[in-house]
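Peer 1: I'm passing along structure06.cif; it holds mmCIF, C-alpha atoms and all ligand atoms.
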data_query
loop_
_atom_site.label_atom_id
_atom_site.label_comp_id
_atom_site.auth_asym_id
_atom_site.auth_seq_id
_atom_site.Cartn_x
_atom_site.Cartn_y
_atom_site.Cartn_z
CA MET A 255 60.32 154.88 52.61
CA ILE A 256 62.10 152.97 55.43
CA ARG A 257 64.54 155.44 57.00
CA PHE A 258 66.61 152.77 58.73
CA LYS A 259 68.51 149.81 57.32
CA THR A 260 66.63 146.59 58.08
CA LEU A 261 68.26 143.55 59.73
CA GLY A 262 68.04 141.64 56.46
CA GLN A 263 69.73 144.43 54.46
CA PHE A 264 72.43 144.81 57.11
CA ILE A 265 73.18 141.07 57.25
CA ILE A 266 73.57 140.86 53.49
CA GLU A 267 75.73 143.98 53.45
CA LYS A 268 78.00 142.64 56.21
CA GLN A 269 78.19 139.21 54.59
CA ALA A 270 80.50 140.77 52.02
CA GLU A 271 83.04 141.28 54.85
CA PHE A 272 83.41 137.49 55.07
CA PRO A 273 85.15 136.56 51.79
CA PHE A 274 84.25 132.88 51.91
CA ALA A 275 80.71 133.41 53.18
CA LYS A 276 78.12 131.52 51.21
CA GLY A 277 75.21 133.06 53.06
CA GLU A 278 74.59 130.28 55.59
CA LEU A 279 75.28 132.45 58.65
CA SER A 280 73.26 135.26 57.10
CA ARG A 281 70.28 132.96 56.69
CA LEU A 282 70.74 131.61 60.22
CA LEU A 283 70.67 135.11 61.71
CA ARG A 284 67.61 135.96 59.66
CA ASP A 285 65.88 132.77 60.87
CA ILE A 286 66.53 133.87 64.47
CA GLY A 287 65.13 137.31 63.68
CA ILE A 288 61.95 135.78 62.29
CA ALA A 289 61.37 133.63 65.39
CA ALA A 290 62.05 136.67 67.57
CA LYS A 291 59.23 138.57 65.86
CA VAL A 292 56.82 135.70 66.50
CA VAL A 293 57.86 135.45 70.16
CA ASN A 294 57.61 139.22 70.51
CA ARG A 295 53.99 139.13 69.34
CA GLU A 296 53.09 136.64 72.09
CA VAL A 297 55.16 138.41 74.77
CA ASN A 298 53.32 141.64 74.01
CA LYS A 299 49.94 140.06 74.71
CA ALA A 300 51.02 137.69 77.50
CA GLY A 301 48.71 139.43 79.94
CA LEU A 302 45.73 138.80 77.68
CA ALA A 303 46.15 135.42 76.14
CA ASP A 304 45.94 132.27 78.20
CA ILE A 305 49.72 131.86 78.19
CA LEU A 306 50.46 133.25 81.62
CA GLY A 307 50.96 131.10 84.59
CA ASP A 308 52.93 127.94 85.03
CA TYR A 309 53.08 125.38 82.30
CA GLY A 310 53.43 122.75 84.98
CA ALA A 311 56.44 121.00 83.52
CA CYS A 312 59.87 121.65 84.98
CA ASN A 313 63.09 122.15 83.02
CA ILE A 314 66.47 120.67 83.97
CA GLN A 315 67.05 123.65 86.20
CA GLY A 316 64.08 122.51 88.29
CA GLU A 317 62.33 125.76 87.33
CA GLU A 318 58.63 125.63 86.51
CA GLN A 319 58.25 126.31 82.79
CA LYS A 320 56.02 129.26 82.04
CA LYS A 321 53.94 128.74 78.93
CA LEU A 322 55.83 131.53 77.11
CA ASP A 323 59.08 129.69 77.86
CA VAL A 324 57.76 126.65 76.05
CA PHE A 325 56.23 128.71 73.23
CA ALA A 326 59.50 130.58 72.64
CA ASP A 327 61.50 127.35 72.70
CA GLU A 328 59.18 125.84 70.07
CA GLN A 329 59.37 128.93 67.86
CA PHE A 330 63.16 129.13 67.80
CA ILE A 331 63.61 125.40 67.28
CA ASP A 332 61.02 125.46 64.50
CA ALA A 333 62.63 128.43 62.74
CA LEU A 334 66.09 126.89 63.04
CA SER A 335 64.79 123.52 61.78
CA GLN A 336 63.05 125.09 58.79
CA GLY A 337 65.97 127.33 57.90
CA GLY A 338 68.31 124.44 57.10
CA GLU A 339 71.49 126.14 58.38
CA CYS A 340 71.52 124.61 61.87
CA CYS A 341 72.31 120.95 62.67
CA VAL A 342 71.95 121.07 66.46
CA VAL A 343 70.03 123.20 68.95
CA ALA A 344 71.04 123.15 72.62
CA SER A 345 68.27 124.85 74.58
CA GLU A 346 67.87 125.71 78.25
CA GLU A 347 64.48 124.05 78.04
CA HIS A 348 65.81 120.60 77.05
CA ASP A 349 68.01 118.29 79.12
CA GLU A 350 69.89 117.10 76.01
CA TYR A 351 70.87 118.85 72.78
CA ILE A 352 68.52 118.35 69.83
CA LYS A 353 69.81 117.10 66.46
CA ILE A 354 67.90 118.67 63.59
CA ASN A 355 67.12 115.69 61.39
CA THR A 356 65.55 117.38 58.39
CA ALA A 357 66.99 116.55 54.96
CA VAL A 358 68.38 120.06 54.52
CA SER A 359 69.94 120.28 58.01
CA THR A 360 71.91 117.05 58.23
CA ASN A 361 74.97 118.67 56.65
CA ALA A 362 74.36 122.11 58.14
CA LYS A 363 77.48 123.44 59.78
CA TYR A 364 76.10 125.62 62.58
CA ILE A 365 75.16 124.81 66.15
CA VAL A 366 72.93 127.12 68.19
CA CYS A 367 72.91 127.26 71.98
CA ILE A 368 69.89 129.21 73.17
CA ASP A 369 68.01 130.42 76.20
CA PRO A 370 64.67 130.95 74.45
CA LEU A 371 63.17 133.15 77.14
CA ASP A 372 65.45 134.23 79.95
CA GLY A 373 64.02 135.93 82.99
CA SER A 374 60.66 134.27 82.46
CA SER A 375 59.75 134.66 86.15
CA ASN A 376 59.32 138.33 85.23
CA ILE A 377 56.65 137.64 82.60
CA ASP A 378 53.72 137.91 85.00
CA VAL A 379 54.90 141.25 86.37
CA ASN A 380 55.50 142.81 82.95
CA VAL A 381 59.25 143.24 83.37
CA SER A 382 61.58 142.99 80.35
CA ILE A 383 62.65 139.47 79.38
CA GLY A 384 64.99 138.19 76.72
CA THR A 385 66.31 135.53 74.36
CA ILE A 386 70.04 134.78 74.32
CA PHE A 387 71.78 132.81 71.55
CA SER A 388 75.26 131.60 70.71
CA ILE A 389 76.37 130.18 67.35
CA TYR A 390 79.25 127.76 66.81
CA ARG A 391 80.58 125.94 63.76
CA ARG A 392 80.50 122.14 64.15
CA GLU A 393 83.97 120.59 64.33
CA SER A 394 83.55 118.56 61.15
CA ILE A 395 80.66 117.68 58.83
CA ASP A 396 82.52 114.45 58.02
CA LYS A 397 81.86 112.90 61.42
CA PRO A 398 78.65 112.33 63.37
CA ILE A 399 77.64 115.12 65.71
CA SER A 400 78.92 114.59 69.24
CA ALA A 401 79.02 116.53 72.51
CA SER A 402 82.40 118.00 71.58
CA ASP A 403 80.68 119.89 68.74
CA ILE A 404 78.49 121.62 71.30
CA LEU A 405 80.75 121.91 74.35
CA GLN A 406 83.11 124.44 72.79
CA LYS A 407 84.82 127.33 74.55
CA GLY A 408 83.21 130.74 74.13
CA ILE A 409 86.19 131.93 72.11
CA ASN A 410 85.01 129.60 69.31
CA GLN A 411 81.70 131.41 68.91
CA VAL A 412 80.99 132.50 65.34
CA ALA A 413 78.22 134.84 66.44
CA ALA A 414 76.16 135.67 69.54
CA GLY A 415 73.22 137.88 70.33
CA TYR A 416 70.18 138.63 72.39
CA ILE A 417 66.66 139.92 71.92
CA VAL A 418 65.30 142.11 74.72
CA TYR A 419 61.50 142.30 74.88
CA GLY A 420 61.03 145.59 76.71
CA ALA A 421 59.55 149.04 76.12
CA SER A 422 60.71 148.31 72.61
CA THR A 423 62.00 145.02 71.25
CA MET A 424 65.64 145.00 70.22
CA MET A 425 67.94 142.44 68.67
CA VAL A 426 71.64 142.97 69.44
CA TYR A 427 74.30 140.71 67.96
CA THR A 428 77.95 140.34 66.99
CA THR A 429 79.80 138.20 64.47
CA GLY A 430 83.15 139.25 65.90
CA LYS A 431 83.33 142.56 64.06
CA GLY A 432 81.63 144.85 66.57
CA VAL A 433 78.13 144.94 68.03
CA ASN A 434 75.01 146.28 66.30
CA GLY A 435 71.51 146.85 67.70
CA PHE A 436 68.22 146.67 65.80
CA THR A 437 64.88 147.96 67.06
CA LEU A 438 61.69 146.25 65.91
CA ASP A 439 59.38 148.64 64.04
CA PRO A 440 55.98 146.96 64.53
CA SER A 441 54.43 149.12 61.79
CA ILE A 442 56.54 147.34 59.17
CA GLY A 443 57.43 144.17 61.14
CA GLU A 444 61.16 144.73 60.61
CA PHE A 445 64.15 145.02 62.91
CA CYS A 446 65.82 148.30 61.91
CA LEU A 447 69.41 149.35 62.62
CA SER A 448 69.06 151.80 65.52
CA HIS A 449 72.34 151.30 67.45
CA PRO A 450 75.25 150.85 65.00
CA GLN A 451 78.67 149.84 66.39
CA MET A 452 77.62 149.71 70.07
CA THR A 453 80.41 150.28 72.61
CA ILE A 454 80.00 150.08 76.37
CA ASN A 455 79.79 153.55 77.94
CA LYS A 456 83.29 154.35 79.19
CA GLU A 457 82.15 155.79 82.53
CA GLY A 458 80.48 152.87 84.30
CA ARG A 459 78.61 154.09 87.38
CA MET A 460 76.10 151.29 87.94
CA TYR A 461 76.42 147.96 89.71
CA SER A 462 73.83 145.20 89.32
CA ILE A 463 73.66 142.43 91.91
CA ASN A 464 70.99 140.69 93.98
CA GLU A 465 72.02 141.98 97.40
CA GLY A 466 69.53 139.62 98.99
CA ASN A 467 72.32 137.02 98.74
CA TYR A 468 74.83 139.33 100.47
CA VAL A 469 75.56 137.15 103.49
CA HIS A 470 76.70 134.31 101.22
CA PHE A 471 78.91 136.38 98.91
CA PRO A 472 82.69 135.84 98.90
CA GLN A 473 84.39 138.53 101.00
CA GLY A 474 85.97 140.03 97.87
CA VAL A 475 82.50 140.67 96.43
CA LYS A 476 81.35 142.20 99.73
CA ASN A 477 84.43 144.45 99.63
CA TYR A 478 83.58 145.46 96.05
CA ILE A 479 79.98 146.35 96.98
CA LYS A 480 81.34 148.53 99.80
CA TYR A 481 83.74 150.11 97.28
CA CYS A 482 80.78 150.94 95.00
CA GLN A 483 78.96 152.61 97.91
CA GLU A 484 81.87 154.72 99.25
CA GLU A 485 81.98 158.48 98.62
CA ASP A 486 84.87 159.42 96.33
CA VAL A 487 84.32 162.24 93.85
CA THR A 488 87.56 161.47 92.02
CA THR A 489 86.17 158.09 90.94
CA ASN A 490 82.52 159.18 90.61
CA ARG A 491 81.46 157.12 93.63
CA PRO A 492 79.08 156.15 95.10
CA TYR A 493 77.77 154.26 92.08
CA SER A 494 74.06 153.58 91.57
CA SER A 495 72.55 150.16 92.22
CA ARG A 496 70.28 148.91 89.45
CA TYR A 497 68.96 145.32 89.36
CA ILE A 498 66.07 144.11 87.18
CA GLY A 499 66.48 140.38 87.79
CA SER A 500 66.43 139.68 84.07
CA MET A 501 69.99 139.18 82.82
CA VAL A 502 69.39 140.41 79.28
CA ALA A 503 67.73 143.61 80.53
CA ASP A 504 70.47 144.27 83.12
CA ILE A 505 73.28 143.64 80.63
CA HIS A 506 71.54 145.71 77.91
CA ARG A 507 71.21 148.70 80.25
CA ASN A 508 74.84 148.40 81.37
CA LEU A 509 75.96 148.09 77.74
CA LEU A 510 74.26 151.39 76.91
CA LYS A 511 74.89 153.29 80.16
CA GLY A 512 78.03 151.60 81.51
CA GLY A 513 78.17 149.39 84.58
CA ILE A 514 78.95 145.95 85.99
CA PHE A 515 76.66 142.96 86.45
CA LEU A 516 77.64 140.50 89.16
CA TYR A 517 76.27 137.04 89.86
CA PRO A 518 78.72 135.39 92.27
CA ALA A 519 78.47 131.95 93.80
CA THR A 520 75.78 131.87 96.50
CA ALA A 521 74.53 129.28 99.00
CA ALA A 522 71.74 128.30 96.58
CA TYR A 523 74.12 128.30 93.59
CA PRO A 524 77.62 127.34 94.78
CA ASN A 525 78.85 127.37 91.14
CA GLY A 526 76.93 130.53 90.27
CA LYS A 527 73.38 130.57 88.88
CA LEU A 528 73.87 131.62 85.29
CA ARG A 529 74.55 129.09 82.57
CA LEU A 530 77.83 129.18 80.67
CA MET A 531 76.76 127.94 77.22
CA TYR A 532 73.63 129.99 76.52
CA GLU A 533 73.80 132.96 78.89
CA CYS A 534 77.36 133.82 79.94
CA ASN A 535 79.35 132.98 76.78
CA PRO A 536 77.08 134.84 74.31
CA LEU A 537 76.78 137.90 76.55
CA ALA A 538 80.53 137.80 77.19
CA PHE A 539 81.20 137.80 73.43
CA ILE A 540 78.95 140.82 72.96
CA VAL A 541 80.34 142.79 75.91
CA GLU A 542 83.97 142.07 74.93
CA GLN A 543 83.20 143.14 71.34
CA ALA A 544 81.75 146.36 72.80
CA GLY A 545 85.01 147.02 74.70
CA GLY A 546 84.09 145.48 78.05
CA LYS A 547 85.19 142.39 79.99
CA ALA A 548 83.57 139.20 81.28
CA SER A 549 85.16 137.09 84.02
CA ASN A 550 84.31 134.34 86.47
CA GLY A 551 86.31 136.31 89.03
CA HIS A 552 89.75 135.08 88.04
CA ALA A 553 89.51 133.89 84.41
CA ARG A 554 87.95 135.04 81.13
CA ILE A 555 84.43 133.56 80.75
CA MET A 556 85.08 132.69 77.10
CA GLU A 557 88.18 130.64 78.03
CA ILE A 558 86.26 128.30 80.36
CA ASN A 559 86.39 124.74 79.07
CA PRO A 560 82.78 123.43 79.13
CA THR A 561 82.18 119.95 80.55
CA GLU A 562 78.39 119.84 80.50
CA LEU A 563 75.63 121.58 78.60
CA HIS A 564 73.85 123.25 81.52
CA GLN A 565 76.85 124.04 83.64
CA ARG A 566 76.77 127.25 85.63
CA THR A 567 79.46 129.81 86.40
CA PRO A 568 79.87 132.89 88.52
CA ILE A 569 79.98 135.94 86.22
CA PHE A 570 81.23 139.50 86.53
CA ILE A 571 80.62 141.39 83.28
CA GLY A 572 80.67 145.00 82.10
CA ASN A 573 83.13 147.88 81.99
CA LYS A 574 86.70 146.60 81.85
CA ASN A 575 87.91 148.84 84.70
CA MET A 576 85.00 147.82 86.94
CA VAL A 577 85.49 144.10 86.31
CA GLU A 578 89.24 144.44 86.92
CA GLN A 579 88.62 146.30 90.20
CA LEU A 580 86.37 143.41 91.29
CA GLU A 581 88.99 140.83 90.24
CA THR A 582 91.62 142.71 92.27
CA MET A 583 89.44 142.60 95.37
CA LEU A 584 88.79 138.87 94.91
CA ALA A 585 92.53 138.24 94.48
CA GLU A 586 93.30 140.29 97.62
CA GLU A 587 90.77 138.16 99.52
CA THR A 588 92.42 134.97 98.26
CA ALA A 589 95.87 136.33 99.18
CA GLY A 590 94.50 137.23 102.60
CA VAL A 591 95.39 140.89 102.11
P1 LIG B 1 67.99 136.09 91.09
C1 LIG B 1 66.33 134.93 85.57
O1 LIG B 1 65.70 133.88 86.29
C2 LIG B 1 67.83 134.69 85.64
O2 LIG B 1 68.16 133.47 85.06
C3 LIG B 1 68.57 135.84 84.96
O3 LIG B 1 67.89 136.37 83.88
C4 LIG B 1 68.72 136.85 86.09
O4 LIG B 1 69.85 137.68 85.93
C5 LIG B 1 68.88 135.95 87.32
O5 LIG B 1 68.24 134.70 87.00
C6 LIG B 1 68.21 136.56 88.52
O6 LIG B 1 68.46 135.67 89.61
O7 LIG B 1 68.57 135.01 91.96
O8 LIG B 1 68.62 137.44 91.39
O9 LIG B 1 66.50 136.15 91.05
#
Step by step, read the file and then write its structure as structure tokens.
Ligand code: P6P
Peer 2:
Amino acid sequence: MIRFKTLGQFIIEKQAEFPFAKGELSRLLRDIGIAAKVVNREVNKAGLADILGDYGACNIQGEEQKKLDVFADEQFIDALSQGGECCVVASEEHDEYIKINTAVSTNAKYIVCIDPLDGSSNIDVNVSIGTIFSIYRRESIDKPISASDILQKGINQVAAGYIVYGASTMMVYTTGKGVNGFTLDPSIGEFCLSHPQMTINKEGRMYSINEGNYVHFPQGVKNYIKYCQEEDVTTNRPYSSRYIGSMVADIHRNLLKGGIFLYPATAAYPNGKLRLMYECNPLAFIVEQAGGKASNGHARIMEINPTELHQRTPIFIGNKNMVEQLETMLAEETAGV
């Protein structure tokens, strides 16, 4: 007897909340869950199989592709192509978006932006890594697919989620009606509902930032780091610094325990390092649905108007009060306070 509701059961149950749903989004989410299980199997044995080490090719980011990166990309694209509910996949691993030209997908109405394996530099040191996905509806099935179908603001997302391959493997997603987390039970090969209606812990006491870039941070960010480190019992400071270097793992921890994740502009990444379409927007959707906030320092992440597929943005995401404190300090810096 399975004690927990499986992902498949949950999706079908929730589908009823969408009166005009015909099951396409349900099937799309299930397709993603299937690919996640296949990727999870390979991630779990990465140290054994000959899939460690650099693949040799480089992606558009100029980052060497680890073999697991490429494997994960293939698995998600294959699952989405087979499923028939997705007409375009925009992946971190491909310079251009990919039109799914199978007979069943030509009229599919969903577009998936995906980072198949984020944090892949952590693979070889056995640190948690993740998949991040964002789902949009194409503008119209009556006209050929174009960039405007893909380059949509984050507020247009139909659904978003991540899979974190860690001590356990979890899939967390939202369709705009709250956030739910599913833990993979390897004994039955099913994602089971383990974290219903996730909300970000009200008392955020953790800040996540790569302080190695400190000298290049905007002064407002430096002021905020100092604020986090000051003694003040009335506001539970100093906070704790926690940084994994894998965005999904850092955000997942902050979602459960409360906290703020910061990736400002740096010398190496003057526009920020993290990508808007398949990292920041989906995680912003999830964190906002869990009661948090996601900003580029002065504007809502999900209101940013995309101009190119792999564009980057600074991101400050987590507890609303923590993000707003950071935004205040950035504004004071701009105003020369
Ligand atoms: P840094 C991983 O490479 C990644 O894209 C995110 O998962 C992570 O948050 C960030 O980069 C870490 O970047 O510069 O601190 O190593």
Peer 1: Ligand LIG 1 (chain B): which residues are within 7 Å, counting all atoms listed in the file, as JSON, numbers by chain?
Peer 2: {"A": [372, 373, 374, 375, 464, 499, 500, 501, 502, 527, 528]}
Peer 1: Please write as a list of chain:residue names the list of polymer residues whose atoms come within 10 Å of (84.1, 120.4, 80.0), counting only C-alpha atoms and keeping to the coordinates of the file.
Peer 2: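 All residues meeting the 10 Å criterion around (84.1, 120.4, 80.0) are A:Ala401, A:Ser402, A:Leu405, A:Gln406, A:Lys407, A:Ile558, A:Asn559, A:Pro560, A:Thr561, A:Glu562, A:Leu563, A:Gln565.
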Peer 1: Leaving out Asn490 in chain A and any residue of its chain fewer than 4 positions from it, which residues lie within 12 Å of it when counting all atoms listed in the file, given as JSON, numbers by chain?
Peer 2: {"A": [457, 458, 459, 460, 481, 482, 483, 484, 485, 486, 494]}
Peer 1: Which residue gives the smallest distance to Pro536 in chain A among A:Gly277, A:Pro398, A:Gly408, A:Pro370, with all atoms listed in the file counted?
Peer 2: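 For Pro536 in chain A, the nearest of the candidates is A:Gly408.
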Peer 1: Between A:Gly420, A:Gly415, A:Pro472, A:Gly384, which residue has the minimum interatomic distance to Leu584 in chain A, considering all atoms listed in the file?
Peer 2: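 Of A:Gly420, A:Gly415, A:Pro472, A:Gly384, the one nearest Leu584 in chain A is A:Pro472, counting all atoms listed in the file.
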Peer 1: Taking all atoms listed in the file into account, name the residue in A:Ser280, A:Thr520, A:Ser394, A:Asn535 that is nearest to Asp369 in chain A.
Peer 2: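 The answer is A:Asn535, which sits nearest to Asp369 in chain A.
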Peer 1: Return the single residue from A:Ile314, A:Leu510, A:Tyr532, A:Leu438 that is closest to Ile404 in chain A, with distances computed using all atoms listed in the file.
Peer 2: A:Tyr532
Peer 1: Would you compute, for all listed atoms of range 453-467 of chain A, the axis-aligned bounding box grown by 5 Å on each side, and then report its centre and edge lengths in Å rounded to one decimal, as AutoDock Vina command-line options?
Peer 2:
--center_x 76.4 --center_y 146.4 --center_z 85.8 --size_x 23.8 --size_y 28.8 --size_z 36.4
Peer 1: For range 466-471 of chain A, work out the shell of residues within 7 Å, counting all atoms listed in the file and skipping chain neighbours fewer than 5 positions away, then give it as a list in words.
Peer 2: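 What passes the distance filter is Lys476, Pro518, Ala519, Thr520 and Ala521 of chain A.
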Peer 1: Residues at most 9 Å from range 444-447 of chain A, counting only C-alpha atoms, excluding those fewer than 6 positions away in the same chain, as a list in words?
Peer 2: Ile256, Arg257, Phe258, Lys259, Thr260, Leu261, Gly262, Phe264, Gly287, Lys291, Thr423, Met424, Met425, Asn434, Gly435, Phe436, Thr437 and Leu438 of chain A
Peer 1: Between A:Ser448, A:Asn376, A:Thr488, A:Ser335, single out the one closest to Thr360 in chain A, counting all atoms listed in the file.
Peer 2: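 Selected residue with least distance to Thr360 in chain A: A:Ser335.
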Peer 1: Can you pull out every residue within 9 Å of His552 in chain A, counting only C-alpha atoms, but drop anything in the same chain fewer than 5 positions away, and send it as JSON, numbers by chain?
Peer 2: {"A": [581, 582, 584, 585]}
Peer 1: Rounded to one decimal, what separation in Å do you get between CA of Ala548 in chain A and CA of Pro568 in chain A?
Peer 2: 10.3 Å
Peer 1: So how many Å separate CA of Lys363 in chain A and CA of Arg391 in chain A, to one decimal?
Peer 2: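 Those two atoms sit 5.6 Å apart.
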Peer 1: I'd like to know which of A:Met576, A:Ala421, A:Ile354, A:Ala538 is closest to Ser382 in chain A, using only C-alpha atoms.
Peer 2: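 Of A:Met576, A:Ala421, A:Ile354, A:Ala538, the one nearest Ser382 in chain A, counting only C-alpha atoms, is A:Ala421.
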Peer 1: Separation of CA of Ile288 in chain A and CA of His449 in chain A, in Å?
Peer 2: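 Distance between the two atoms: 19.4 Å.
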Peer 1: Any idea what's packed within 9 Å of range 323-325 of chain A, counting only C-alpha atoms, ignoring anything in its chain fewer than 5 positions away? Could you give it as a list in words?
Peer 2: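 Listing them by chain and then by number gives Val293, Glu296, Ile305, Tyr309, Phe330, Glu347, Pro370, Leu371, Asp372 and Ser374 of chain A.
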Peer 1: Residues within 8 Å of (71.7, 135.3, 54.6), file coordinates, counting only C-alpha atoms: what are they? Give the list as a PyMOL selection string.
Peer 2: chain A and resi 262+265-266+269+277-284
